[in-house]
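> Got a structure for you, questions after.
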Amino acid sequence: MKLWILGSGTAVPNMLRAPACFLLEGREKRILLDAGSCVLLRLEQAGIDFRQVDAVYLSHFHPDHCAGLVPLLFAHYCPDGTPRRDPLVITGSVGISALMDNLRRAFGDWLVPKSFKVEVREAREHVFADGEFEVSVVFGSHSESSLAYRFRDRAGKVLVYSGDTPYSASIVNLACEADLLLLECSFPAGTRAPGHLSADDAGRMAAAARAKKLVLTHFYPPCRDADVKAQAAEHFKGEIVVAQDLMLIEF
Ligand SMILES: [Zn+2]
Ligand SMILES: [Zn+2]
């Protein structure tokens, strides 16, 4: 599996860190994990045609994680290149159907691609197959719409994405022995951050899950002046990567 970091930031403007967005590349599928507002720019910079995105999994409906859906769908409307034919599946918490209906109400047919079908899937806590991946879902507690996802490919490799979250025992369980745990790290150690993780708690979660590799992301400005990697490493002894936009991680 490959993981592209397309947005390691938040809602706060930052030239180097776009709002949350990642691309999971398997052998057969390309899956966006969240769709922050810079999704098209970062895909272009990564050399990936947006038409090759097969699915979008949203962790929750805060705009720094899903505002890119509008430009992503509208781009398919613009006549340039070979149109996509296969369906695009958008997965999110209960409420994703209403969100998509409301977006279509606001933007009309501009968000309805002509050459393929957009399928919307409301996910609950369950396990299902998505092509080459077995996908497991648990509810998060960051917001009403929060979900965390576990992707397991046919070779048994596992990636877990937390979305935004405070310390969560259910995400620790989901991430048990994950090859790659992509975990939010909103603030430096010692920060009280309701609904989010500080670097020390991110390290504690990765250690409790016995993850193999921890990738920290979703950095608010105070992280600029802190060594979040060292802070997480006080609790987690495995490999730690501080996400940067346009970083490619193979595992
Ligand atoms: Zn966020
Ligand atoms: Zn959020």
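So you can find residues: chains in the structure tokens are A, B, ... in the order shown, residues in each start at 1, and ligands are numbered from 1 in order.
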Taking only C-alpha atoms and all ligand atoms and a cut-off of 8 Å, can you tell me which residues surround ligand 1, written as a ChimeraX atom specification?
/A:9-11,19-20,62-65,163-164,218
> Hey, can you spit out that residue selection with C-alpha atoms as an mmCIF file, in the first residue's frame?

data_model
loop_
_atom_site.group_PDB
_atom_site.id
_atom_site.type_symbol
_atom_site.label_atom_id
_atom_site.label_comp_id
_atom_site.auth_asym_id
_atom_site.auth_seq_id
_atom_site.Cartn_x
_atom_site.Cartn_y
_atom_site.Cartn_z
ATOM 1 C CA GLY A 9 -3.127 20.733 8.175
ATOM 2 C CA THR A 10 -6.396 21.968 9.598
ATOM 3 C CA ALA A 11 -8.841 24.807 9.003
ATOM 4 C CA PRO A 19 -6.640 20.943 5.136
ATOM 5 C CA ALA A 20 -6.969 17.203 5.835
ATOM 6 C CA HIS A 62 -16.193 19.533 9.482
ATOM 7 C CA PRO A 63 -15.315 21.654 6.444
ATOM 8 C CA ASP A 64 -11.531 21.159 6.794
ATOM 9 C CA HIS A 65 -12.205 17.470 6.008
ATOM 10 C CA GLY A 163 -9.842 11.436 11.644
ATOM 11 C CA ASP A 164 -10.092 14.065 14.384
ATOM 12 C CA HIS A 218 -3.519 17.607 11.534
#
> Which polymer residues have any atom within 7 Å of an atom of A:Ala243, counting only C-alpha atoms, with same-chain residues fewer than 3 positions away left out, as a list in words?
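The neighbour list is Ile5, Ser8, Val215, Leu216, Thr217 and Met247 of chain A.
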> Please extract the residues of stretch 77-152 of chain A with a backbone DSSP assignment of alpha helix (DSSP H) and present them as a list in words.
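Filtering stretch 77-152 of chain A to alpha helix (DSSP H) leaves Tyr77, Ile96, Ser97, Ala98, Leu99, Met100, Asp101, Asn102, Leu103, Arg104, Arg105, Ala106 and Phe107 of chain A.
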> Go ahead and write the residues just picked, N, CA, C and O atoms, as a tab-separated table (two decimals), in the first residue's frame.

chain	number	residue	atom	x	y	z
A	77	TYR	N	-17.02	17.64	-14.34
A	77	TYR	CA	-17.96	18.24	-15.27
A	77	TYR	C	-17.22	18.95	-16.41
A	77	TYR	O	-17.75	19.13	-17.50
A	96	ILE	N	-24.42	11.56	5.53
A	96	ILE	CA	-23.71	11.83	4.28
A	96	ILE	C	-24.70	11.99	3.12
A	96	ILE	O	-24.50	12.84	2.24
A	97	SER	N	-25.80	11.23	3.13
A	97	SER	CA	-26.79	11.36	2.05
A	97	SER	C	-27.41	12.75	2.08
A	97	SER	O	-27.56	13.40	1.04
A	98	ALA	N	-27.74	13.22	3.29
A	98	ALA	CA	-28.33	14.56	3.41
A	98	ALA	C	-27.32	15.63	2.98
A	98	ALA	O	-27.68	16.60	2.30
A	99	LEU	N	-26.06	15.45	3.36
A	99	LEU	CA	-25.03	16.41	2.97
A	99	LEU	C	-24.92	16.48	1.44
A	99	LEU	O	-24.90	17.58	0.86
A	100	MET	N	-24.88	15.32	0.78
A	100	MET	CA	-24.75	15.31	-0.68
A	100	MET	C	-26.00	15.91	-1.33
A	100	MET	O	-25.90	16.65	-2.31
A	101	ASP	N	-27.19	15.60	-0.77
A	101	ASP	CA	-28.43	16.17	-1.32
A	101	ASP	C	-28.40	17.69	-1.20
A	101	ASP	O	-28.80	18.41	-2.13
A	102	ASN	N	-27.93	18.18	-0.05
A	102	ASN	CA	-27.89	19.63	0.15
A	102	ASN	C	-26.88	20.30	-0.77
A	102	ASN	O	-27.11	21.41	-1.27
A	103	LEU	N	-25.75	19.65	-1.00
A	103	LEU	CA	-24.77	20.22	-1.93
A	103	LEU	C	-25.36	20.29	-3.34
A	103	LEU	O	-25.18	21.29	-4.05
A	104	ARG	N	-26.08	19.24	-3.72
A	104	ARG	CA	-26.68	19.25	-5.07
A	104	ARG	C	-27.77	20.30	-5.16
A	104	ARG	O	-27.96	20.93	-6.20
A	105	ARG	N	-28.48	20.51	-4.05
A	105	ARG	CA	-29.51	21.55	-4.04
A	105	ARG	C	-28.85	22.93	-4.23
A	105	ARG	O	-29.36	23.78	-4.93
A	106	ALA	N	-27.69	23.11	-3.60
A	106	ALA	CA	-27.01	24.40	-3.69
A	106	ALA	C	-26.37	24.63	-5.06
A	106	ALA	O	-26.42	25.74	-5.59
A	107	PHE	N	-25.76	23.59	-5.61
A	107	PHE	CA	-24.97	23.77	-6.85
A	107	PHE	C	-25.65	23.19	-8.09
A	107	PHE	O	-25.13	23.34	-9.19
> Of the candidates A:Phe236, A:Met1, A:Leu72, A:Gly36, which shows the shortest atom-to-atom distance to A:Val53, using only C-alpha atoms?
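So, comparing all the options, the nearest one is A:Leu72.
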> I'd like the neighbourhood of A:Val120 as a list in words, where a residue qualifies if any of its atoms comes within 7 Å (using only C-alpha atoms), though same-chain residues fewer than 5 positions away should be ignored.
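So, after excluding close chain neighbours, the residues are Val89, Ile90, Thr91 and Ser97 of chain A.
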> Near A:Ala175, counting only C-alpha atoms, which residues have an atom at most 12 Å away, once you skip same-chain residues fewer than 4 positions from it, shown as a PDB file with all heavy atoms, in the first residue's frame?

ATOM      1  N   SER A 136     -13.104  -1.774   8.104  1.00  0.00           N
ATOM      2  CA  SER A 136     -13.791  -1.810   9.403  1.00  0.00           C
ATOM      3  C   SER A 136     -14.001  -0.370   9.857  1.00  0.00           C
ATOM      4  O   SER A 136     -13.134   0.484   9.672  1.00  0.00           O
ATOM      5  CB  SER A 136     -12.953  -2.541  10.453  1.00  0.00           C
ATOM      6  OG  SER A 136     -12.545  -3.798   9.970  1.00  0.00           O
ATOM      7  N   VAL A 137     -15.154  -0.130  10.459  1.00  0.00           N
ATOM      8  CA  VAL A 137     -15.530   1.224  10.850  1.00  0.00           C
ATOM      9  C   VAL A 137     -15.906   1.252  12.322  1.00  0.00           C
ATOM     10  O   VAL A 137     -16.609   0.353  12.789  1.00  0.00           O
ATOM     11  CB  VAL A 137     -16.759   1.700  10.021  1.00  0.00           C
ATOM     12  CG1 VAL A 137     -17.076   3.155  10.317  1.00  0.00           C
ATOM     13  CG2 VAL A 137     -16.545   1.482   8.537  1.00  0.00           C
ATOM     14  N   VAL A 138     -15.424   2.263  13.044  1.00  0.00           N
ATOM     15  CA  VAL A 138     -15.939   2.506  14.399  1.00  0.00           C
ATOM     16  C   VAL A 138     -16.340   3.980  14.513  1.00  0.00           C
ATOM     17  O   VAL A 138     -15.816   4.835  13.803  1.00  0.00           O
ATOM     18  CB  VAL A 138     -14.924   2.170  15.519  1.00  0.00           C
ATOM     19  CG1 VAL A 138     -14.547   0.696  15.506  1.00  0.00           C
ATOM     20  CG2 VAL A 138     -13.695   3.051  15.458  1.00  0.00           C
ATOM     21  N   ALA A 148     -13.891   6.350  12.324  1.00  0.00           N
ATOM     22  CA  ALA A 148     -12.493   5.971  12.070  1.00  0.00           C
ATOM     23  C   ALA A 148     -12.523   4.713  11.210  1.00  0.00           C
ATOM     24  O   ALA A 148     -13.436   3.891  11.339  1.00  0.00           O
ATOM     25  CB  ALA A 148     -11.745   5.730  13.378  1.00  0.00           C
ATOM     26  N   TYR A 149     -11.509   4.577  10.346  1.00  0.00           N
ATOM     27  CA  TYR A 149     -11.523   3.495   9.359  1.00  0.00           C
ATOM     28  C   TYR A 149     -10.264   2.644   9.454  1.00  0.00           C
ATOM     29  O   TYR A 149      -9.161   3.151   9.685  1.00  0.00           O
ATOM     30  CB  TYR A 149     -11.581   4.077   7.938  1.00  0.00           C
ATOM     31  CG  TYR A 149     -12.807   4.885   7.630  1.00  0.00           C
ATOM     32  CD1 TYR A 149     -12.753   6.277   7.568  1.00  0.00           C
ATOM     33  CD2 TYR A 149     -14.028   4.258   7.377  1.00  0.00           C
ATOM     34  CE1 TYR A 149     -13.882   7.024   7.254  1.00  0.00           C
ATOM     35  CE2 TYR A 149     -15.163   4.998   7.069  1.00  0.00           C
ATOM     36  CZ  TYR A 149     -15.080   6.380   7.002  1.00  0.00           C
ATOM     37  OH  TYR A 149     -16.197   7.119   6.700  1.00  0.00           O
ATOM     38  N   ARG A 150     -10.451   1.355   9.217  1.00  0.00           N
ATOM     39  CA  ARG A 150      -9.338   0.401   9.133  1.00  0.00           C
ATOM     40  C   ARG A 150      -9.418  -0.281   7.772  1.00  0.00           C
ATOM     41  O   ARG A 150     -10.453  -0.859   7.417  1.00  0.00           O
ATOM     42  CB  ARG A 150      -9.482  -0.638  10.245  1.00  0.00           C
ATOM     43  CG  ARG A 150      -8.426  -1.725  10.290  1.00  0.00           C
ATOM     44  CD  ARG A 150      -8.812  -2.688  11.423  1.00  0.00           C
ATOM     45  NE  ARG A 150      -7.766  -3.616  11.768  1.00  0.00           N
ATOM     46  CZ  ARG A 150      -7.640  -4.833  11.228  1.00  0.00           C
ATOM     47  NH1 ARG A 150      -8.475  -5.228  10.297  1.00  0.00           N
ATOM     48  NH2 ARG A 150      -6.665  -5.627  11.618  1.00  0.00           N
ATOM     49  N   PHE A 151      -8.337  -0.207   7.005  1.00  0.00           N
ATOM     50  CA  PHE A 151      -8.280  -0.838   5.683  1.00  0.00           C
ATOM     51  C   PHE A 151      -7.262  -1.980   5.746  1.00  0.00           C
ATOM     52  O   PHE A 151      -6.103  -1.759   6.128  1.00  0.00           O
ATOM     53  CB  PHE A 151      -7.829   0.169   4.611  1.00  0.00           C
ATOM     54  CG  PHE A 151      -8.808   1.281   4.404  1.00  0.00           C
ATOM     55  CD1 PHE A 151      -8.757   2.416   5.208  1.00  0.00           C
ATOM     56  CD2 PHE A 151      -9.791   1.199   3.433  1.00  0.00           C
ATOM     57  CE1 PHE A 151      -9.668   3.449   5.034  1.00  0.00           C
ATOM     58  CE2 PHE A 151     -10.706   2.234   3.249  1.00  0.00           C
ATOM     59  CZ  PHE A 151     -10.643   3.364   4.052  1.00  0.00           C
ATOM     60  N   ARG A 152      -7.681  -3.158   5.362  1.00  0.00           N
ATOM     61  CA  ARG A 152      -6.785  -4.323   5.341  1.00  0.00           C
ATOM     62  C   ARG A 152      -6.771  -4.859   3.922  1.00  0.00           C
ATOM     63  O   ARG A 152      -7.823  -5.163   3.352  1.00  0.00           O
ATOM     64  CB  ARG A 152      -7.320  -5.386   6.306  1.00  0.00           C
ATOM     65  CG  ARG A 152      -6.449  -6.614   6.435  1.00  0.00           C
ATOM     66  CD  ARG A 152      -7.046  -7.541   7.498  1.00  0.00           C
ATOM     67  NE  ARG A 152      -6.280  -8.759   7.644  1.00  0.00           N
ATOM     68  CZ  ARG A 152      -6.440  -9.826   6.860  1.00  0.00           C
ATOM     69  NH1 ARG A 152      -7.320  -9.821   5.877  1.00  0.00           N
ATOM     70  NH2 ARG A 152      -5.693 -10.898   7.065  1.00  0.00           N
ATOM     71  N   LYS A 157      -1.803  -6.262   5.022  1.00  0.00           N
ATOM     72  CA  LYS A 157      -1.324  -4.961   5.501  1.00  0.00           C
ATOM     73  C   LYS A 157      -2.516  -4.109   5.965  1.00  0.00           C
ATOM     74  O   LYS A 157      -3.578  -4.110   5.313  1.00  0.00           O
ATOM     75  CB  LYS A 157      -0.590  -4.208   4.382  1.00  0.00           C
ATOM     76  CG  LYS A 157       0.749  -4.828   4.027  1.00  0.00           C
ATOM     77  CD  LYS A 157       1.824  -4.359   4.982  1.00  0.00           C
ATOM     78  CE  LYS A 157       3.178  -4.940   4.588  1.00  0.00           C
ATOM     79  NZ  LYS A 157       4.196  -4.708   5.611  1.00  0.00           N
ATOM     80  N   VAL A 158      -2.290  -3.379   7.046  1.00  0.00           N
ATOM     81  CA  VAL A 158      -3.394  -2.623   7.654  1.00  0.00           C
ATOM     82  C   VAL A 158      -3.030  -1.155   7.817  1.00  0.00           C
ATOM     83  O   VAL A 158      -1.948  -0.814   8.313  1.00  0.00           O
ATOM     84  CB  VAL A 158      -3.742  -3.219   9.039  1.00  0.00           C
ATOM     85  CG1 VAL A 158      -4.696  -2.305   9.803  1.00  0.00           C
ATOM     86  CG2 VAL A 158      -4.353  -4.607   8.880  1.00  0.00           C
ATOM     87  N   LEU A 159      -3.940  -0.297   7.376  1.00  0.00           N
ATOM     88  CA  LEU A 159      -3.839   1.138   7.651  1.00  0.00           C
ATOM     89  C   LEU A 159      -5.068   1.557   8.450  1.00  0.00           C
ATOM     90  O   LEU A 159      -6.191   1.159   8.116  1.00  0.00           O
ATOM     91  CB  LEU A 159      -3.771   1.946   6.353  1.00  0.00           C
ATOM     92  CG  LEU A 159      -3.807   3.471   6.546  1.00  0.00           C
ATOM     93  CD1 LEU A 159      -2.869   4.155   5.554  1.00  0.00           C
ATOM     94  CD2 LEU A 159      -5.206   4.055   6.387  1.00  0.00           C
ATOM     95  N   VAL A 160      -4.856   2.352   9.483  1.00  0.00           N
ATOM     96  CA  VAL A 160      -5.976   2.902  10.255  1.00  0.00           C
ATOM     97  C   VAL A 160      -5.880   4.418  10.234  1.00  0.00           C
ATOM     98  O   VAL A 160      -4.799   4.988  10.441  1.00  0.00           O
ATOM     99  CB  VAL A 160      -5.965   2.373  11.709  1.00  0.00           C
ATOM    100  CG1 VAL A 160      -6.967   3.134  12.574  1.00  0.00           C
ATOM    101  CG2 VAL A 160      -6.292   0.883  11.717  1.00  0.00           C
ATOM    102  N   TYR A 161      -7.016   5.061   9.968  1.00  0.00           N
ATOM    103  CA  TYR A 161      -7.088   6.530   9.971  1.00  0.00           C
ATOM    104  C   TYR A 161      -8.076   6.968  11.042  1.00  0.00           C
ATOM    105  O   TYR A 161      -9.239   6.578  11.027  1.00  0.00           O
ATOM    106  CB  TYR A 161      -7.510   7.037   8.595  1.00  0.00           C
ATOM    107  CG  TYR A 161      -7.733   8.536   8.550  1.00  0.00           C
ATOM    108  CD1 TYR A 161      -6.818   9.415   9.123  1.00  0.00           C
ATOM    109  CD2 TYR A 161      -8.868   9.079   7.943  1.00  0.00           C
ATOM    110  CE1 TYR A 161      -7.019  10.791   9.089  1.00  0.00           C
ATOM    111  CE2 TYR A 161      -9.068  10.457   7.895  1.00  0.00           C
ATOM    112  CZ  TYR A 161      -8.146  11.300   8.468  1.00  0.00           C
ATOM    113  OH  TYR A 161      -8.343  12.664   8.456  1.00  0.00           O
ATOM    114  N   SER A 162      -7.604   7.826  11.942  1.00  0.00           N
ATOM    115  CA  SER A 162      -8.421   8.231  13.086  1.00  0.00           C
ATOM    116  C   SER A 162      -9.415   9.345  12.760  1.00  0.00           C
ATOM    117  O   SER A 162     -10.420   9.481  13.439  1.00  0.00           O
ATOM    118  CB  SER A 162      -7.514   8.725  14.212  1.00  0.00           C
ATOM    119  OG  SER A 162      -6.846   9.927  13.830  1.00  0.00           O
ATOM    120  N   SER A 168      -9.047   7.694  22.361  1.00  0.00           N
ATOM    121  CA  SER A 168     -10.196   6.834  22.091  1.00  0.00           C
ATOM    122  C   SER A 168      -9.815   5.368  22.220  1.00  0.00           C
ATOM    123  O   SER A 168      -8.979   4.865  21.457  1.00  0.00           O
ATOM    124  CB  SER A 168     -10.716   7.115  20.666  1.00  0.00           C
ATOM    125  OG  SER A 168     -11.525   6.049  20.216  1.00  0.00           O
ATOM    126  N   ALA A 169     -10.449   4.672  23.158  1.00  0.00           N
ATOM    127  CA  ALA A 169     -10.181   3.239  23.332  1.00  0.00           C
ATOM    128  C   ALA A 169     -10.680   2.458  22.125  1.00  0.00           C
ATOM    129  O   ALA A 169     -10.070   1.460  21.726  1.00  0.00           O
ATOM    130  CB  ALA A 169     -10.855   2.737  24.606  1.00  0.00           C
ATOM    131  N   SER A 170     -11.778   2.905  21.516  1.00  0.00           N
ATOM    132  CA  SER A 170     -12.293   2.136  20.379  1.00  0.00           C
ATOM    133  C   SER A 170     -11.366   2.270  19.164  1.00  0.00           C
ATOM    134  O   SER A 170     -11.184   1.319  18.398  1.00  0.00           O
ATOM    135  CB  SER A 170     -13.732   2.528  20.034  1.00  0.00           C
ATOM    136  OG  SER A 170     -13.833   3.903  19.859  1.00  0.00           O
ATOM    137  N   ILE A 171     -10.713   3.429  19.014  1.00  0.00           N
ATOM    138  CA  ILE A 171      -9.754   3.557  17.904  1.00  0.00           C
ATOM    139  C   ILE A 171      -8.473   2.775  18.225  1.00  0.00           C
ATOM    140  O   ILE A 171      -7.856   2.192  17.329  1.00  0.00           O
ATOM    141  CB  ILE A 171      -9.486   5.041  17.578  1.00  0.00           C
ATOM    142  CG1 ILE A 171     -10.776   5.680  17.043  1.00  0.00           C
ATOM    143  CG2 ILE A 171      -8.355   5.174  16.550  1.00  0.00           C
ATOM    144  CD1 ILE A 171     -10.673   7.165  16.728  1.00  0.00           C
ATOM    145  N   ASP A 179      -0.158  -1.750  10.610  1.00  0.00           N
ATOM    146  CA  ASP A 179       1.145  -1.449   9.990  1.00  0.00           C
ATOM    147  C   ASP A 179       1.371   0.056   9.941  1.00  0.00           C
ATOM    148  O   ASP A 179       2.501   0.523  10.057  1.00  0.00           O
ATOM    149  CB  ASP A 179       1.190  -2.041   8.579  1.00  0.00           C
ATOM    150  CG  ASP A 179       1.128  -3.548   8.630  1.00  0.00           C
ATOM    151  OD1 ASP A 179       2.173  -4.154   8.892  1.00  0.00           O
ATOM    152  OD2 ASP A 179       0.021  -4.114   8.469  1.00  0.00           O
ATOM    153  N   LEU A 180       0.303   0.795   9.712  1.00  0.00           N
ATOM    154  CA  LEU A 180       0.412   2.261   9.692  1.00  0.00           C
ATOM    155  C   LEU A 180      -0.800   2.849  10.397  1.00  0.00           C
ATOM    156  O   LEU A 180      -1.941   2.570  10.020  1.00  0.00           O
ATOM    157  CB  LEU A 180       0.512   2.772   8.255  1.00  0.00           C
ATOM    158  CG  LEU A 180       0.923   4.239   8.074  1.00  0.00           C
ATOM    159  CD1 LEU A 180       1.499   4.463   6.676  1.00  0.00           C
ATOM    160  CD2 LEU A 180      -0.228   5.203   8.294  1.00  0.00           C
ATOM    161  N   LEU A 181      -0.539   3.634  11.414  1.00  0.00           N
ATOM    162  CA  LEU A 181      -1.604   4.330  12.140  1.00  0.00           C
ATOM    163  C   LEU A 181      -1.471   5.813  11.843  1.00  0.00           C
ATOM    164  O   LEU A 181      -0.491   6.457  12.238  1.00  0.00           O
ATOM    165  CB  LEU A 181      -1.485   4.060  13.643  1.00  0.00           C
ATOM    166  CG  LEU A 181      -2.419   4.856  14.563  1.00  0.00           C
ATOM    167  CD1 LEU A 181      -3.881   4.674  14.174  1.00  0.00           C
ATOM    168  CD2 LEU A 181      -2.205   4.451  16.021  1.00  0.00           C
ATOM    169  N   LEU A 182      -2.437   6.329  11.093  1.00  0.00           N
ATOM    170  CA  LEU A 182      -2.467   7.751  10.730  1.00  0.00           C
ATOM    171  C   LEU A 182      -3.347   8.450  11.760  1.00  0.00           C
ATOM    172  O   LEU A 182      -4.571   8.264  11.772  1.00  0.00           O
ATOM    173  CB  LEU A 182      -3.030   7.906   9.317  1.00  0.00           C
ATOM    174  CG  LEU A 182      -3.217   9.308   8.771  1.00  0.00           C
ATOM    175  CD1 LEU A 182      -1.902  10.082   8.722  1.00  0.00           C
ATOM    176  CD2 LEU A 182      -3.848   9.258   7.364  1.00  0.00           C
ATOM    177  N   LEU A 183      -2.689   9.217  12.618  1.00  0.00           N
ATOM    178  CA  LEU A 183      -3.362   9.725  13.805  1.00  0.00           C
ATOM    179  C   LEU A 183      -3.256  11.243  13.848  1.00  0.00           C
ATOM    180  O   LEU A 183      -2.195  11.808  13.571  1.00  0.00           O
ATOM    181  CB  LEU A 183      -2.659   9.115  15.022  1.00  0.00           C
ATOM    182  CG  LEU A 183      -3.376   8.995  16.349  1.00  0.00           C
ATOM    183  CD1 LEU A 183      -4.731   8.301  16.218  1.00  0.00           C
ATOM    184  CD2 LEU A 183      -2.497   8.226  17.334  1.00  0.00           C
ATOM    185  N   MET A 205      -1.726   6.415  22.438  1.00  0.00           N
ATOM    186  CA  MET A 205      -2.655   5.596  21.655  1.00  0.00           C
ATOM    187  C   MET A 205      -1.910   4.600  20.778  1.00  0.00           C
ATOM    188  O   MET A 205      -2.289   3.432  20.683  1.00  0.00           O
ATOM    189  CB  MET A 205      -3.565   6.491  20.795  1.00  0.00           C
ATOM    190  CG  MET A 205      -4.779   7.010  21.546  1.00  0.00           C
ATOM    191  SD  MET A 205      -5.904   7.968  20.490  1.00  0.00           S
ATOM    192  CE  MET A 205      -6.530   6.712  19.377  1.00  0.00           C
ATOM    193  N   ALA A 206      -0.840   5.066  20.107  1.00  0.00           N
ATOM    194  CA  ALA A 206      -0.077   4.169  19.224  1.00  0.00           C
ATOM    195  C   ALA A 206       0.560   3.043  20.023  1.00  0.00           C
ATOM    196  O   ALA A 206       0.610   1.887  19.570  1.00  0.00           O
ATOM    197  CB  ALA A 206       0.987   4.967  18.466  1.00  0.00           C
ATOM    198  N   ALA A 207       1.041   3.367  21.229  1.00  0.00           N
ATOM    199  CA  ALA A 207       1.655   2.338  22.072  1.00  0.00           C
ATOM    200  C   ALA A 207       0.611   1.325  22.529  1.00  0.00           C
ATOM    201  O   ALA A 207       0.840   0.112  22.475  1.00  0.00           O
ATOM    202  CB  ALA A 207       2.320   3.000  23.284  1.00  0.00           C
ATOM    203  N   ALA A 208      -0.557   1.825  22.955  1.00  0.00           N
ATOM    204  CA  ALA A 208      -1.609   0.911  23.416  1.00  0.00           C
ATOM    205  C   ALA A 208      -2.078   0.005  22.283  1.00  0.00           C
ATOM    206  O   ALA A 208      -2.449  -1.154  22.514  1.00  0.00           O
ATOM    207  CB  ALA A 208      -2.779   1.724  23.974  1.00  0.00           C
ATOM    208  N   ALA A 209      -2.059   0.514  21.053  1.00  0.00           N
ATOM    209  CA  ALA A 209      -2.498  -0.277  19.895  1.00  0.00           C
ATOM    210  C   ALA A 209      -1.395  -1.207  19.394  1.00  0.00           C
ATOM    211  O   ALA A 209      -1.652  -2.052  18.534  1.00  0.00           O
ATOM    212  CB  ALA A 209      -2.946   0.657  18.771  1.00  0.00           C
ATOM    213  N   ARG A 210      -0.165  -1.028  19.882  1.00  0.00           N
ATOM    214  CA  ARG A 210       1.005  -1.778  19.382  1.00  0.00           C
ATOM    215  C   ARG A 210       1.128  -1.616  17.859  1.00  0.00           C
ATOM    216  O   ARG A 210       1.393  -2.560  17.120  1.00  0.00           O
ATOM    217  CB  ARG A 210       0.927  -3.256  19.777  1.00  0.00           C
ATOM    218  CG  ARG A 210       0.872  -3.481  21.287  1.00  0.00           C
ATOM    219  CD  ARG A 210       0.987  -4.940  21.671  1.00  0.00           C
ATOM    220  NE  ARG A 210       0.006  -5.796  21.018  1.00  0.00           N
ATOM    221  CZ  ARG A 210      -1.255  -5.940  21.399  1.00  0.00           C
ATOM    222  NH1 ARG A 210      -1.703  -5.282  22.461  1.00  0.00           N
ATOM    223  NH2 ARG A 210      -2.065  -6.740  20.763  1.00  0.00           N
ATOM    224  N   ALA A 211       0.901  -0.382  17.411  1.00  0.00           N
ATOM    225  CA  ALA A 211       1.044  -0.092  15.975  1.00  0.00           C
ATOM    226  C   ALA A 211       2.504  -0.215  15.583  1.00  0.00           C
ATOM    227  O   ALA A 211       3.407  -0.082  16.416  1.00  0.00           O
ATOM    228  CB  ALA A 211       0.536   1.321  15.690  1.00  0.00           C
ATOM    229  N   LYS A 212       2.739  -0.476  14.291  1.00  0.00           N
ATOM    230  CA  LYS A 212       4.132  -0.611  13.831  1.00  0.00           C
ATOM    231  C   LYS A 212       4.714   0.743  13.451  1.00  0.00           C
ATOM    232  O   LYS A 212       5.879   1.022  13.692  1.00  0.00           O
ATOM    233  CB  LYS A 212       4.187  -1.594  12.673  1.00  0.00           C
ATOM    234  CG  LYS A 212       3.889  -3.001  13.191  1.00  0.00           C
ATOM    235  CD  LYS A 212       3.705  -4.030  12.112  1.00  0.00           C
ATOM    236  CE  LYS A 212       3.176  -5.311  12.767  1.00  0.00           C
ATOM    237  NZ  LYS A 212       2.309  -6.062  11.890  1.00  0.00           N
ATOM    238  N   LYS A 213       3.896   1.560  12.807  1.00  0.00           N
ATOM    239  CA  LYS A 213       4.375   2.880  12.389  1.00  0.00           C
ATOM    240  C   LYS A 213       3.294   3.911  12.700  1.00  0.00           C
ATOM    241  O   LYS A 213       2.110   3.674  12.424  1.00  0.00           O
ATOM    242  CB  LYS A 213       4.661   2.871  10.879  1.00  0.00           C
ATOM    243  CG  LYS A 213       5.259   4.174  10.370  1.00  0.00           C
ATOM    244  CD  LYS A 213       5.281   4.211   8.839  1.00  0.00           C
ATOM    245  CE  LYS A 213       6.284   3.240   8.254  1.00  0.00           C
ATOM    246  NZ  LYS A 213       7.123   3.855   7.229  1.00  0.00           N
ATOM    247  N   LEU A 214       3.714   5.025  13.267  1.00  0.00           N
ATOM    248  CA  LEU A 214       2.771   6.098  13.613  1.00  0.00           C
ATOM    249  C   LEU A 214       3.048   7.297  12.716  1.00  0.00           C
ATOM    250  O   LEU A 214       4.176   7.784  12.645  1.00  0.00           O
ATOM    251  CB  LEU A 214       2.958   6.496  15.079  1.00  0.00           C
ATOM    252  CG  LEU A 214       2.248   7.750  15.569  1.00  0.00           C
ATOM    253  CD1 LEU A 214       0.725   7.606  15.458  1.00  0.00           C
ATOM    254  CD2 LEU A 214       2.639   8.069  17.013  1.00  0.00           C
TER     255      LEU A 214
END
> Expressed in Å to a single decimal, how great is the separation between atom CA of A:Ala202 and atom CA of A:His235?
8.6 Å
> Give me, as number ranges by chain, all polymer residues having an atom no more than 9 Å from stretch 226-230 of chain A, counting only C-alpha atoms and skipping those fewer than 3 positions away in the same chain.
A: 185, 187-189, 198-200, 203, 216, 222-223, 233-234, 240-242
> Between A:Glu119, A:Asp153, A:Glu177, A:Asp109, which has the minimum distance to A:Leu88 (counting only C-alpha atoms)?
A:Glu119
> Work out how far atom CA of A:Leu43 is from atom CA of A:Trp110, in Å to one decimal.
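Taking atom CA of A:Trp110 and atom CA of A:Leu43, their separation equals 20.8 Å.
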> Using only C-alpha atoms and all ligand atoms, pick whichever of A:Asn173, A:Cys66, A:Gly95, A:Phe74 has the shortest atom-to-atom distance to ligand 2.
A:Cys66
> Using DSSP on the backbone coordinates, identify all residues within stretch 83-123 of chain A classified as strand (DSSP E or B); present the result as a list in words.
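Result set for stretch 83-123 of chain A (strand (DSSP E or B)): Leu88, Val89, Ile90, Thr91, Gly92, Val118, Glu119, Val120, Arg121 and Glu122 of chain A.
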